[in-house]
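Colleague: What follows is model03.tsv, TSV, C-alpha atoms.
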chain	number	residue	atom	x	y	z
A	242	MET	CA	11.08	-29.56	-14.30
A	243	GLU	CA	10.56	-25.88	-14.82
A	244	LEU	CA	7.26	-24.30	-13.89
A	245	THR	CA	5.20	-22.31	-16.37
A	246	GLN	CA	2.11	-20.39	-15.37
A	247	PRO	CA	-0.10	-17.98	-17.28
A	248	LEU	CA	-0.73	-14.43	-16.17
A	249	GLU	CA	-4.49	-14.37	-15.77
A	250	LEU	CA	-4.73	-10.66	-16.38
A	251	PHE	CA	-2.62	-10.80	-19.51
A	252	PRO	CA	-3.84	-13.60	-21.74
A	253	GLY	CA	-1.15	-15.06	-23.89
A	254	HIS	CA	1.57	-14.17	-21.40
A	255	ASN	CA	3.30	-17.00	-19.58
A	256	VAL	CA	5.83	-16.90	-16.80
A	257	THR	CA	8.41	-19.68	-16.62
A	258	LEU	CA	10.52	-20.34	-13.54
A	259	LEU	CA	13.73	-22.36	-13.66
A	260	LEU	CA	15.56	-23.26	-10.48
A	261	PHE	CA	19.24	-24.15	-10.36
A	262	ASN	CA	21.30	-25.47	-7.48
A	263	ARG	CA	25.03	-26.10	-7.04
A	264	VAL	CA	25.70	-23.15	-9.33
A	265	ARG	CA	29.40	-22.44	-9.90
A	266	ASN	CA	29.32	-19.41	-12.17
A	267	ALA	CA	27.09	-16.95	-10.32
A	268	ALA	CA	29.63	-14.17	-10.79
A	269	THR	CA	29.69	-14.62	-14.57
A	270	LEU	CA	25.92	-14.84	-14.72
A	271	ARG	CA	25.54	-11.68	-12.69
A	272	LYS	CA	27.93	-9.82	-14.94
A	273	LYS	CA	26.09	-11.00	-18.04
A	274	ALA	CA	22.75	-9.99	-16.51
A	275	MET	CA	24.07	-6.51	-15.74
A	276	GLU	CA	25.23	-6.17	-19.34
A	277	GLY	CA	21.80	-7.19	-20.52
A	278	ALA	CA	23.11	-10.34	-22.16
A	279	VAL	CA	20.71	-12.64	-20.36
A	280	GLU	CA	17.13	-12.95	-21.49
A	281	GLY	CA	15.58	-13.47	-18.06
A	282	ALA	CA	15.49	-12.21	-14.48
A	283	LEU	CA	18.14	-13.77	-12.24
A	284	ILE	CA	16.79	-13.95	-8.74
A	285	ASN	CA	18.13	-15.12	-5.39
A	286	PRO	CA	15.83	-18.03	-4.40
A	287	ALA	CA	16.54	-17.45	-0.69
A	288	MET	CA	14.20	-14.46	-0.89
A	289	ILE	CA	11.35	-16.31	-2.55
A	290	VAL	CA	8.77	-18.25	-0.55
A	291	ASP	CA	6.43	-19.34	-3.32
A	292	PRO	CA	6.13	-19.09	-7.11
A	293	PHE	CA	3.05	-16.90	-6.56
A	294	GLN	CA	5.38	-14.20	-5.23
A	295	ILE	CA	7.09	-14.19	-8.64
A	296	LEU	CA	3.76	-14.15	-10.47
A	297	VAL	CA	2.63	-11.09	-8.55
A	298	ALA	CA	5.91	-9.33	-9.39
A	299	ALA	CA	5.71	-10.37	-13.05
A	300	ASN	CA	2.08	-9.29	-13.29
A	301	LYS	CA	2.90	-5.83	-11.99
A	302	ALA	CA	5.97	-5.56	-14.22
A	303	VAL	CA	4.05	-6.56	-17.36
A	304	HIS	CA	1.26	-4.12	-16.47
A	305	LEU	CA	3.68	-1.23	-16.01
A	306	HIS	CA	5.58	-2.21	-19.13
A	307	LYS	CA	2.40	-2.08	-21.19
A	308	ILE	CA	1.48	1.39	-20.00
A	309	GLY	CA	5.05	2.66	-20.26
A	310	LYS	CA	5.35	3.35	-16.56
A	311	MET	CA	8.15	1.03	-15.47
A	312	LYS	CA	10.57	2.41	-12.92
A	313	THR	CA	13.49	0.42	-14.32
A	314	ARG	CA	14.71	0.01	-17.86
A	315	THR	CA	13.75	-3.53	-18.75
A	316	LEU	CA	10.90	-5.90	-17.98
A	317	TYR	CA	13.24	-8.28	-16.19
A	318	ALA	CA	14.75	-5.54	-14.07
A	319	GLU	CA	11.21	-4.43	-13.25
A	320	ILE	CA	10.29	-7.92	-12.03
A	321	ILE	CA	13.20	-7.84	-9.60
A	322	PHE	CA	12.26	-4.33	-8.50
A	323	SER	CA	8.63	-5.38	-7.97
A	324	LEU	CA	9.72	-8.02	-5.50
A	325	SER	CA	11.08	-5.36	-3.19
A	326	PRO	CA	8.90	-3.91	-0.42
A	327	ASN	CA	10.46	-0.50	-0.94
A	328	ASN	CA	11.09	1.88	-3.79
A	329	ASN	CA	14.88	1.78	-3.83
A	330	ILE	CA	15.97	0.21	-7.11
A	331	SER	CA	19.59	-0.56	-6.31
A	332	ASP	CA	18.59	-2.05	-2.98
A	333	ALA	CA	16.15	-4.32	-4.82
A	334	PHE	CA	18.89	-5.61	-7.11
A	335	LYS	CA	21.23	-6.16	-4.20
A	336	LYS	CA	18.72	-8.05	-2.10
A	337	PHE	CA	16.70	-9.92	-4.73
A	338	GLY	CA	19.18	-10.25	-7.56
A	339	ILE	CA	22.01	-12.74	-7.42
A	340	SER	CA	25.41	-12.18	-5.81
A	341	ASP	CA	28.74	-13.52	-6.96
A	342	SER	CA	28.86	-16.04	-4.13
A	343	ASP	CA	25.37	-17.49	-4.63
A	344	THR	CA	25.07	-21.20	-5.32
A	345	ALA	CA	21.40	-21.24	-6.23
A	346	VAL	CA	19.69	-19.19	-8.89
A	347	LEU	CA	16.06	-18.75	-9.85
A	348	ILE	CA	15.55	-17.62	-13.44
A	349	VAL	CA	12.27	-16.03	-14.48
A	350	LEU	CA	11.25	-15.76	-18.12
A	351	VAL	CA	8.19	-14.06	-19.55
A	352	ALA	CA	6.81	-14.96	-22.94
A	353	ASP	CA	4.04	-13.11	-24.71
A	354	GLY	CA	2.33	-14.68	-27.73
A	355	GLU	CA	4.89	-13.29	-30.21
A	356	LYS	CA	8.16	-13.74	-28.36
A	357	THR	CA	8.97	-17.29	-27.38
A	358	VAL	CA	11.49	-18.22	-24.74
A	359	ASN	CA	14.38	-20.52	-25.33
A	360	LEU	CA	14.79	-22.57	-22.17
A	361	GLU	CA	17.75	-24.61	-23.40
A	362	ASP	CA	19.57	-21.44	-24.27
A	363	ILE	CA	19.23	-20.03	-20.78
A	364	ALA	CA	19.87	-23.34	-19.03
A	365	SER	CA	23.06	-23.87	-21.00
A	366	GLN	CA	24.49	-20.66	-19.63
A	367	VAL	CA	24.18	-21.86	-16.05
A	368	GLU	CA	26.95	-24.04	-14.67
A	369	GLY	CA	24.81	-25.89	-12.19
A	370	GLN	CA	22.05	-28.41	-11.82
A	371	GLN	CA	18.51	-27.62	-12.77
A	372	VAL	CA	16.10	-28.80	-10.10
A	373	SER	CA	12.35	-28.85	-9.68
A	374	LEU	CA	10.55	-25.84	-8.18
A	375	ASP	CA	9.45	-28.24	-5.44
A	376	GLU	CA	12.89	-27.69	-3.95
A	377	LEU	CA	12.33	-23.97	-3.57
A	378	PRO	CA	11.12	-24.13	0.07
A	379	GLN	CA	14.42	-25.75	1.04
A	380	LEU	CA	16.29	-22.79	-0.38
A	381	THR	CA	14.16	-20.09	1.22
A	382	ASP	CA	15.74	-18.15	4.06
A	383	THR	CA	12.54	-17.47	6.02
A	384	ALA	CA	14.20	-15.37	8.69
A	385	ARG	CA	15.81	-13.15	6.11
A	386	VAL	CA	12.57	-12.81	4.19
A	387	LYS	CA	10.63	-11.82	7.32
A	388	LYS	CA	13.25	-9.22	8.11
A	389	MET	CA	13.32	-7.83	4.58
A	390	TYR	CA	9.57	-7.47	4.37
A	391	LYS	CA	9.28	-6.38	8.01
A	392	VAL	CA	6.51	-8.82	8.76
A	393	THR	CA	4.88	-8.11	12.14
A	394	PRO	CA	4.05	-10.87	14.65
A	395	GLN	CA	0.36	-9.86	14.64
A	396	GLU	CA	0.30	-10.25	10.90
A	397	GLU	CA	1.56	-13.79	11.07
A	398	LYS	CA	-1.52	-14.70	13.06
A	399	ILE	CA	-3.96	-13.68	10.36
A	400	GLY	CA	-2.28	-15.06	7.30
A	401	THR	CA	0.68	-16.77	5.69
A	402	LEU	CA	4.09	-15.24	5.10
A	403	LEU	CA	3.21	-15.17	1.40
A	404	ASP	CA	0.12	-13.05	2.21
A	405	SER	CA	2.25	-10.49	4.05
A	406	ILE	CA	4.78	-10.36	1.25
A	407	VAL	CA	2.26	-9.98	-1.56
A	408	CYS	CA	0.45	-7.21	0.30
A	409	ARG	CA	3.62	-5.18	0.61
A	410	MET	CA	4.64	-5.77	-2.98
A	411	SER	CA	1.30	-4.63	-4.32
A	412	THR	CA	0.87	-1.55	-2.14
A	413	LYS	CA	4.37	-0.16	-1.97
A	414	ASP	CA	3.76	2.61	-4.48
A	415	VAL	CA	0.97	3.99	-2.34
A	416	LEU	CA	3.02	4.40	0.80
B	237	ALA	CA	-9.75	14.67	-14.87
B	238	LEU	CA	-11.16	15.44	-11.45
B	239	GLU	CA	-13.13	12.20	-11.50
B	240	GLU	CA	-9.93	10.41	-12.36
B	241	ARG	CA	-8.03	12.04	-9.51
B	242	LEU	CA	-10.71	11.33	-6.93
B	243	SER	CA	-10.98	7.76	-8.11
B	244	ARG	CA	-7.25	7.31	-7.90
B	245	ARG	CA	-7.10	8.81	-4.45
B	246	ARG	CA	-9.83	6.50	-3.17
B	247	THR	CA	-8.06	3.50	-4.65
B	248	ALA	CA	-4.81	4.49	-2.99
B	249	GLN	CA	-6.58	5.08	0.34
B	250	GLU	CA	-8.25	1.72	0.17
B	251	ALA	CA	-5.00	-0.08	-0.62
B	252	ARG	CA	-3.21	1.76	2.15
B	253	SER	CA	-5.94	0.91	4.67
B	254	LEU	CA	-5.91	-2.74	3.74
B	255	LEU	CA	-2.16	-2.93	4.30
B	256	ARG	CA	-2.47	-1.01	7.55
B	257	CYS	CA	-5.06	-3.49	8.79
B	258	ARG	CA	-2.96	-6.51	7.98
B	259	ARG	CA	0.18	-5.05	9.54
B	260	ALA	CA	-1.79	-4.58	12.75
B	261	GLY	CA	-3.14	-8.12	12.63
B	262	ILE	CA	-6.67	-7.06	11.67
B	263	SER	CA	-8.21	-9.47	9.22
B	264	ALA	CA	-8.80	-7.88	5.84
B	265	PRO	CA	-8.36	-9.31	2.33
B	266	VAL	CA	-4.84	-9.58	0.93
B	267	VAL	CA	-4.09	-7.12	-1.87
B	268	TYR	CA	-2.69	-8.87	-4.93
B	269	PHE	CA	-2.50	-6.01	-7.42
B	270	VAL	CA	-3.52	-2.38	-7.68
B	271	ASP	CA	-4.28	-1.12	-11.17
B	272	TYR	CA	-4.08	2.67	-11.20
B	273	VAL	CA	-5.23	2.83	-14.81
B	274	THR	CA	-8.69	1.46	-14.11
B	275	ASN	CA	-8.46	2.21	-10.37
B	276	SER	CA	-9.23	-1.35	-9.44
B	277	ILE	CA	-7.85	-3.47	-6.66
B	278	TYR	CA	-7.39	-7.20	-7.08
B	279	LEU	CA	-8.03	-8.83	-3.72
B	280	GLU	CA	-8.04	-12.17	-2.05
B	281	ASP	CA	-11.35	-13.94	-2.46
B	282	ILE	CA	-12.58	-15.01	0.97
B	283	VAL	CA	-13.96	-18.33	-0.19
B	284	ASP	CA	-17.32	-19.53	1.14
B	285	SER	CA	-17.63	-16.54	3.38
B	286	VAL	CA	-20.92	-15.16	4.60
B	287	THR	CA	-21.64	-11.56	5.53
B	288	VAL	CA	-22.37	-10.93	9.18
B	289	GLN	CA	-25.66	-9.51	7.96
B	290	ASP	CA	-26.70	-12.77	6.33
B	291	HIS	CA	-25.45	-14.79	9.26
B	292	VAL	CA	-27.39	-12.77	11.83
B	293	ASN	CA	-30.51	-12.95	9.68
B	294	SER	CA	-30.29	-16.68	9.24
B	295	VAL	CA	-29.61	-17.38	12.92
B	296	GLN	CA	-32.46	-15.06	13.86
B	297	GLN	CA	-34.80	-16.86	11.48
B	298	SER	CA	-33.80	-20.35	12.57
B	299	GLY	CA	-34.23	-19.41	16.22
B	300	HIS	CA	-31.37	-21.47	17.56
B	301	ASP	CA	-28.09	-20.48	19.03
B	302	THR	CA	-29.03	-16.84	19.33
B	303	SER	CA	-26.65	-16.64	22.26
B	304	GLY	CA	-23.86	-17.27	19.79
B	305	LEU	CA	-24.80	-13.91	18.29
B	306	LEU	CA	-23.79	-12.17	21.49
B	307	VAL	CA	-20.37	-13.80	21.34
B	308	LEU	CA	-20.15	-12.63	17.74
B	309	ALA	CA	-21.05	-9.11	18.88
B	310	GLU	CA	-18.22	-9.24	21.42
B	311	LYS	CA	-15.77	-10.21	18.74
B	312	MET	CA	-17.02	-7.45	16.48
B	313	GLY	CA	-16.48	-4.94	19.28
B	314	GLU	CA	-12.94	-6.22	19.79
B	315	LEU	CA	-12.14	-6.02	16.10
B	316	LEU	CA	-13.39	-2.46	15.79
B	317	ALA	CA	-11.51	-1.48	18.94
B	318	ARG	CA	-8.29	-2.74	17.41
B	319	MET	CA	-9.00	-0.96	14.16
B	320	HIS	CA	-9.70	2.36	15.85
B	321	ASP	CA	-6.65	1.97	18.08
B	322	GLU	CA	-4.68	1.92	14.82
B	323	ASP	CA	-6.38	5.24	14.01
B	324	LEU	CA	-8.07	3.62	11.06
B	325	ILE	CA	-11.60	4.84	10.32
B	326	HIS	CA	-13.56	2.45	8.11
B	327	GLY	CA	-16.03	5.02	6.86
B	328	ASP	CA	-18.76	2.60	5.87
B	329	LEU	CA	-19.34	0.18	8.71
B	330	THR	CA	-22.31	-2.09	8.13
B	331	THR	CA	-22.89	-5.76	8.77
B	332	SER	CA	-22.54	-6.45	5.07
B	333	ASN	CA	-18.99	-5.11	5.19
B	334	MET	CA	-17.96	-7.77	7.67
B	335	LEU	CA	-17.45	-11.33	6.55
B	336	LEU	CA	-17.31	-14.57	8.47
B	337	ARG	CA	-14.80	-17.10	7.19
B	338	PRO	CA	-15.92	-20.73	7.45
B	339	PRO	CA	-16.40	-22.58	9.71
B	340	MET	CA	-18.97	-20.19	11.22
B	341	GLU	CA	-18.39	-21.38	14.79
B	342	LYS	CA	-14.88	-19.97	14.71
B	343	LEU	CA	-16.28	-16.45	14.39
B	344	ASP	CA	-13.35	-15.55	12.15
B	345	LEU	CA	-14.23	-12.00	11.09
B	346	VAL	CA	-12.83	-10.24	8.02
B	347	LEU	CA	-13.38	-6.55	7.38
B	348	ILE	CA	-13.96	-5.49	3.79
B	349	ASP	CA	-14.68	-2.46	1.64
B	350	PHE	CA	-12.30	0.22	2.75
B	351	GLY	CA	-13.17	2.55	-0.12
B	352	LEU	CA	-14.24	5.32	2.23
B	353	SER	CA	-11.62	4.73	4.88
B	354	PHE	CA	-9.12	7.24	6.20
B	355	ILE	CA	-6.64	7.68	9.01
B	356	SER	CA	-7.61	9.77	12.02
B	357	SER	CA	-6.85	9.85	15.70
B	358	LEU	CA	-9.88	12.02	16.49
B	359	ALA	CA	-12.48	10.58	18.84
B	360	GLU	CA	-15.10	12.40	16.78
B	361	ASP	CA	-14.26	10.40	13.66
B	362	LYS	CA	-14.25	7.14	15.57
B	363	GLY	CA	-17.52	8.04	17.23
B	364	VAL	CA	-19.11	8.76	13.87
B	365	ASP	CA	-17.72	5.48	12.52
B	366	LEU	CA	-19.53	3.62	15.31
B	367	TYR	CA	-22.66	5.71	14.86
B	368	VAL	CA	-22.86	4.75	11.18
B	369	LEU	CA	-22.66	1.11	12.23
B	370	GLU	CA	-25.26	1.59	14.92
B	371	LYS	CA	-27.77	3.09	12.53
B	372	ALA	CA	-27.11	0.42	9.91
B	373	PHE	CA	-27.30	-2.29	12.53
B	374	LEU	CA	-30.52	-1.17	14.12
B	375	SER	CA	-32.26	-0.78	10.80
B	376	THR	CA	-31.15	-4.13	9.35
B	377	HIS	CA	-31.36	-6.12	12.55
B	378	PRO	CA	-34.09	-4.43	14.60
B	379	ASP	CA	-34.61	-7.49	16.80
B	380	ASN	CA	-30.97	-7.61	17.83
B	381	GLU	CA	-30.54	-4.40	19.78
B	382	ASN	CA	-28.84	-6.40	22.46
B	383	MET	CA	-26.09	-7.35	20.07
B	384	PHE	CA	-25.09	-3.77	19.51
B	385	LYS	CA	-25.03	-3.08	23.24
B	386	VAL	CA	-22.69	-6.04	23.71
B	387	LEU	CA	-20.57	-4.82	20.79
B	388	LEU	CA	-20.12	-1.41	22.37
B	389	LYS	CA	-19.33	-2.85	25.76
B	390	SER	CA	-16.69	-5.06	24.21
B	391	TYR	CA	-15.32	-2.11	22.22
B	392	ALA	CA	-15.09	0.03	25.34
B	393	ALA	CA	-13.31	-2.73	27.22
B	394	LYS	CA	-10.85	-3.54	24.46
B	395	SER	CA	-9.94	-0.11	23.11
B	396	LYS	CA	-7.34	1.88	24.97
B	397	LYS	CA	-8.86	5.17	23.88
B	398	SER	CA	-12.54	4.30	24.10
B	399	GLY	CA	-13.63	6.82	26.75
B	400	PRO	CA	-13.68	9.91	24.54
B	401	VAL	CA	-14.97	7.87	21.59
B	402	ILE	CA	-18.05	6.64	23.44
B	403	LYS	CA	-18.60	10.16	24.71
B	404	LYS	CA	-18.54	11.47	21.16
B	405	LEU	CA	-20.86	8.68	20.08
B	406	ASP	CA	-23.39	9.87	22.67
B	407	GLU	CA	-23.03	13.43	21.42
B	408	VAL	CA	-23.47	12.39	17.79
B	409	ARG	CA	-26.61	10.44	18.70
B	410	LEU	CA	-28.08	13.54	20.28
B	411	ARG	CA	-27.22	15.59	17.22
B	412	GLY	CA	-28.90	13.00	15.05
B	413	ARG	CA	-26.38	13.54	12.30
B	414	LYS	CA	-24.16	11.13	10.47
B	415	ARG	CA	-21.46	13.55	9.59
B	416	SER	CA	-18.46	14.80	11.49
B	417	MET	CA	-18.61	18.45	12.41
B	418	ILE	CA	-14.95	18.96	11.67
B	419	GLY	CA	-14.13	21.14	8.67
I need this file expressed as structure tokens, please.
Modeller:
Amino acid sequence: MELTQPLELFPGHNVTLLLFNRVRNAATLRKKAMEGAVEGALINPAMIVDPFQILVAANKAVHLHKIGKMKTRTLYAEIIFSLSPNNNISDAFKKFGISDSDTAVLIVLVADGEKTVNLEDIASQVEGQQVSLDELPQLTDTARVKKMYKVTPQEEKIGTLLDSIVCRMSTKDVL
Amino acid sequence: ALEERLSRRRTAQEARSLLRCRRAGISAPVVYFVDYVTNSIYLEDIVDSVTVQDHVNSVQQSGHDTSGLLVLAEKMGELLARMHDEDLIHGDLTTSNMLLRPPMEKLDLVLIDFGLSFISSLAEDKGVDLYVLEKAFLSTHPDNENMFKVLLKSYAAKSKKSGPVIKKLDEVRLRGRKRSMIG
């Protein structure tokens, strides 16, 4: 049900995505995440259009982690920050992290050869139903995403929404 | 250390230009990841694409549909007009830095290789940009002079600021130099 994909540029590293719907304890989860008691990035699925968007964020986060140049304090926080089109960390958490009233949660885990991830452990902390990543498009708030990433109408003609998003994620530190 | 800094600056410029293109609706590869350690950019692979250079050569050799080349030239002119109207100077315009996405009949152009690009509103810089393309074009496709004429006509028609640019292009031709005289 969950989706695991390797990071091509970092052999041995795998990214696992778990999607939950009808979540009842978002507030508790958020609190735990803030305290660092959750081994994973808790993301608002409304802001995600495709698992590739997560892979791009994870790739960048792992890269920065390896060279000691992360802007945030943990790999998981960095993944959330990498999703943002701007360089404001607290804004990234607010927009891409989960809120107390959320009913859907996307959890991202990264495993590197040595450290394994315990899916059951994470899943057991969520009071909700785990669903397949195929349901992600139904949870995406396209209008909100377009607004957040400031996608231009001309841009939509030459590529997909995912293309626009990925471009901004990867070039934001240059702007 | 200087090498490193120059390399990094070029990488950043290229990434910035690629984003600028896409925001303006100009077809350029999507940037997936920029690695500032090795100064490499991971880009979208334009699958099964052909360079305009190869396309022109193969059409020229086969002898048919050479009129399609003039339509291609028009589209090239339009694309460059849009790019320059965004004040984006490519810096290395050649027909091998323009790709055609399949199917060829669609004339779906993609600009690539922005390593030497920069932002400028000066007609001089845009004129030189076109001059570089003209020289490259006429030397690689000597039997297609007409194409370049059509390209320029299309550019002039499409670009809102083309007057001064074409004027500068004429001046640069007379000077016979490839470089901008600024600075």
Colleague: With all atoms listed in the file as the atoms that count, which of A:Gly281, A:Asp362, A:Glu249, A:Ser411 lies nearest to A:Lys301?
Modeller: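 Once distances to A:Lys301 are computed over all atoms listed in the file, the minimum belongs to A:Ser411.
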Colleague: Please list as a PyMOL selection string every residue within 12 Å of stretch 290-304 of chain B, counting only C-alpha atoms and excluding residues in the same chain fewer than 4 positions away.
Modeller: chain B and resi 285-286+308-311+330-343+345+373+376-383+386
Colleague: Using all atoms listed in the file, I'd like every residue of chain A that has an atom within 6 Å of chain B; please write them out as a ChimeraX atom specification.
Modeller: /A:395-396,408,411,415
Colleague: What does the distance from atom CA of B:Lys397 to atom CA of B:Asp321 come to in Å, to one decimal?
Modeller: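 Distance reported for this atom pair: 7.0 Å.
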Colleague: So which one's closest to A:Lys335, A:Gln294, A:Asn285, A:Ser323, A:Thr257? Using all atoms listed in the file, please.
Modeller: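 Counting all atoms listed in the file, the residue closest to A:Lys335 is A:Asn285.
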Colleague: If we count all atoms listed in the file, what is near A:Thr344 at a cut-off of 8 Å, once residues fewer than 2 positions away on the same chain are taken out, given as a count of residues only?
Modeller: 7
Colleague: A:Thr357: which residues within 12 Å, counting all atoms listed in the file, same-chain residues fewer than 5 positions away excluded, as a ChimeraX atom specification?
Modeller: /A:253-257,280,350-352,362
Colleague: With C-alpha atoms retained, could you export that selection as an mmCIF file, keeping the file's coordinate frame?
Modeller:
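Listing of selection_38.cif after writing:
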data_model
loop_
_atom_site.group_PDB
_atom_site.id
_atom_site.type_symbol
_atom_site.label_atom_id
_atom_site.label_comp_id
_atom_site.auth_asym_id
_atom_site.auth_seq_id
_atom_site.Cartn_x
_atom_site.Cartn_y
_atom_site.Cartn_z
ATOM 1 C CA GLY A 253 -1.150 -15.060 -23.890
ATOM 2 C CA HIS A 254 1.570 -14.170 -21.400
ATOM 3 C CA ASN A 255 3.300 -17.000 -19.580
ATOM 4 C CA VAL A 256 5.830 -16.900 -16.800
ATOM 5 C CA THR A 257 8.410 -19.680 -16.620
ATOM 6 C CA GLU A 280 17.130 -12.950 -21.490
ATOM 7 C CA LEU A 350 11.250 -15.760 -18.120
ATOM 8 C CA VAL A 351 8.190 -14.060 -19.550
ATOM 9 C CA ALA A 352 6.810 -14.960 -22.940
ATOM 10 C CA ASP A 362 19.570 -21.440 -24.270
#
Colleague: Nearest to A:Phe251: which of A:Gly354, A:Ile284, A:Gly338, A:Thr315 is it, counting all atoms listed in the file?
Modeller: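 When distances to A:Phe251 are compared using all atoms listed in the file, the smallest one comes from A:Gly354.
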Colleague: Quote the spacing between atom CA of B:Leu369 and atom CA of B:Ile282 in Å to one decimal place.
Modeller: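 Distance reported for this atom pair: 22.1 Å.
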Colleague: Could you jot down the atom CA of B:Thr274 to atom CA of A:Leu305 separation for me, Å, one decimal place?
Modeller: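 Atom-to-atom, atom CA of B:Thr274 and atom CA of A:Leu305 are spaced 12.8 Å apart.
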Colleague: Of the candidates B:Lys396, B:Arg246, B:Lys371, B:Arg411, which shows the shortest atom-to-atom distance to B:Asp323, using only C-alpha atoms?
Modeller: B:Lys396
Colleague: Neighbouring residues of B:Lys394 were defined as those with any atom within 10 Å, considering all atoms listed in the file; residues of the same chain fewer than 2 positions away were excluded. Please report them as a PDB file with C-alpha atoms, keeping the file's coordinate frame.
Modeller:
ATOM      1  CA  GLU B 310     -18.220  -9.240  21.420  1.00  0.00           C
ATOM      2  CA  GLY B 313     -16.480  -4.940  19.280  1.00  0.00           C
ATOM      3  CA  GLU B 314     -12.940  -6.220  19.790  1.00  0.00           C
ATOM      4  CA  LEU B 315     -12.140  -6.020  16.100  1.00  0.00           C
ATOM      5  CA  LEU B 316     -13.390  -2.460  15.790  1.00  0.00           C
ATOM      6  CA  ALA B 317     -11.510  -1.480  18.940  1.00  0.00           C
ATOM      7  CA  ARG B 318      -8.290  -2.740  17.410  1.00  0.00           C
ATOM      8  CA  ASP B 321      -6.650   1.970  18.080  1.00  0.00           C
ATOM      9  CA  LEU B 388     -20.120  -1.410  22.370  1.00  0.00           C
ATOM     10  CA  LYS B 389     -19.330  -2.850  25.760  1.00  0.00           C
ATOM     11  CA  SER B 390     -16.690  -5.060  24.210  1.00  0.00           C
ATOM     12  CA  TYR B 391     -15.320  -2.110  22.220  1.00  0.00           C
ATOM     13  CA  ALA B 392     -15.090   0.030  25.340  1.00  0.00           C
ATOM     14  CA  LYS B 396      -7.340   1.880  24.970  1.00  0.00           C
ATOM     15  CA  LYS B 397      -8.860   5.170  23.880  1.00  0.00           C
ATOM     16  CA  SER B 398     -12.540   4.300  24.100  1.00  0.00           C
TER      17      SER B 398
END
Colleague: Quick one: axis-aligned box around all listed atoms of stretch 294-307 of chain A, 5 Å on every side, centre and edge lengths in Å to one decimal, written as AutoDock Vina command-line options.
Modeller:
--center_x 4.2 --center_y -7.7 --center_z -13.2 --size_x 15.8 --size_y 23.0 --size_z 26.0
Colleague: Kindly indicate which residue among A:Val407, A:Met311, A:Leu347, A:Met288 lies nearest to A:Ile330, using all atoms listed in the file for the distances.
Modeller: A:Met311
Colleague: Counting all atoms listed in the file, which residue out of A:Val279, A:Leu259, A:Ala384, A:Ile295 sits closest to A:Phe322?
Modeller: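 Ranking A:Val279, A:Leu259, A:Ala384, A:Ile295 by distance to A:Phe322, first place goes to A:Ile295.
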Colleague: Counting only C-alpha atoms, find residues at most 6 Å from (12.9, -20.1, -1.8) (file frame) and give them as a list in words.
Modeller: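 Output of the proximity query reads Pro286, Ala287, Met288, Ile289, Val290, Leu377, Pro378, Leu380 and Thr381 of chain A.
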Colleague: Could you give me, as a VMD selection string, the residues within 7 Å of A:Tyr390, counting all atoms listed in the file and dropping anything in the same chain fewer than 2 positions from it?
Modeller: chain A and resid 326 386 to 388 392 406
Colleague: Once N, CA, C and O atoms are restored for stretch 306-314 of chain B, what would the output be as an mmCIF file, keeping the file's coordinate frame?
Modeller:
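The new file part39.cif reads:
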data_model
loop_
_atom_site.group_PDB
_atom_site.id
_atom_site.type_symbol
_atom_site.label_atom_id
_atom_site.label_comp_id
_atom_site.auth_asym_id
_atom_site.auth_seq_id
_atom_site.Cartn_x
_atom_site.Cartn_y
_atom_site.Cartn_z
ATOM 1 N N LEU B 306 -24.378 -13.121 20.529
ATOM 2 C CA LEU B 306 -23.790 -12.170 21.490
ATOM 3 C C LEU B 306 -22.274 -12.337 21.539
ATOM 4 O O LEU B 306 -21.540 -11.359 21.709
ATOM 5 N N VAL B 307 -21.823 -13.573 21.370
ATOM 6 C CA VAL B 307 -20.370 -13.800 21.340
ATOM 7 C C VAL B 307 -19.807 -13.155 20.079
ATOM 8 O O VAL B 307 -18.739 -12.540 20.089
ATOM 9 N N LEU B 308 -20.565 -13.258 19.002
ATOM 10 C CA LEU B 308 -20.150 -12.630 17.740
ATOM 11 C C LEU B 308 -20.044 -11.116 17.939
ATOM 12 O O LEU B 308 -19.075 -10.492 17.513
ATOM 13 N N ALA B 309 -21.034 -10.551 18.635
ATOM 14 C CA ALA B 309 -21.050 -9.110 18.880
ATOM 15 C C ALA B 309 -19.809 -8.687 19.677
ATOM 16 O O ALA B 309 -19.197 -7.654 19.403
ATOM 17 N N GLU B 310 -19.428 -9.532 20.630
ATOM 18 C CA GLU B 310 -18.220 -9.240 21.420
ATOM 19 C C GLU B 310 -17.006 -9.187 20.532
ATOM 20 O O GLU B 310 -16.170 -8.284 20.642
ATOM 21 N N LYS B 311 -16.920 -10.167 19.641
ATOM 22 C CA LYS B 311 -15.770 -10.210 18.740
ATOM 23 C C LYS B 311 -15.748 -9.019 17.804
ATOM 24 O O LYS B 311 -14.685 -8.477 17.478
ATOM 25 N N MET B 312 -16.939 -8.603 17.371
ATOM 26 C CA MET B 312 -17.020 -7.450 16.480
ATOM 27 C C MET B 312 -16.507 -6.219 17.217
ATOM 28 O O MET B 312 -15.746 -5.415 16.667
ATOM 29 N N GLY B 313 -16.924 -6.077 18.465
ATOM 30 C CA GLY B 313 -16.480 -4.940 19.280
ATOM 31 C C GLY B 313 -14.964 -4.930 19.413
ATOM 32 O O GLY B 313 -14.319 -3.898 19.273
ATOM 33 N N GLU B 314 -14.401 -6.106 19.657
ATOM 34 C CA GLU B 314 -12.940 -6.220 19.790
ATOM 35 C C GLU B 314 -12.230 -5.819 18.514
ATOM 36 O O GLU B 314 -11.225 -5.108 18.537
#
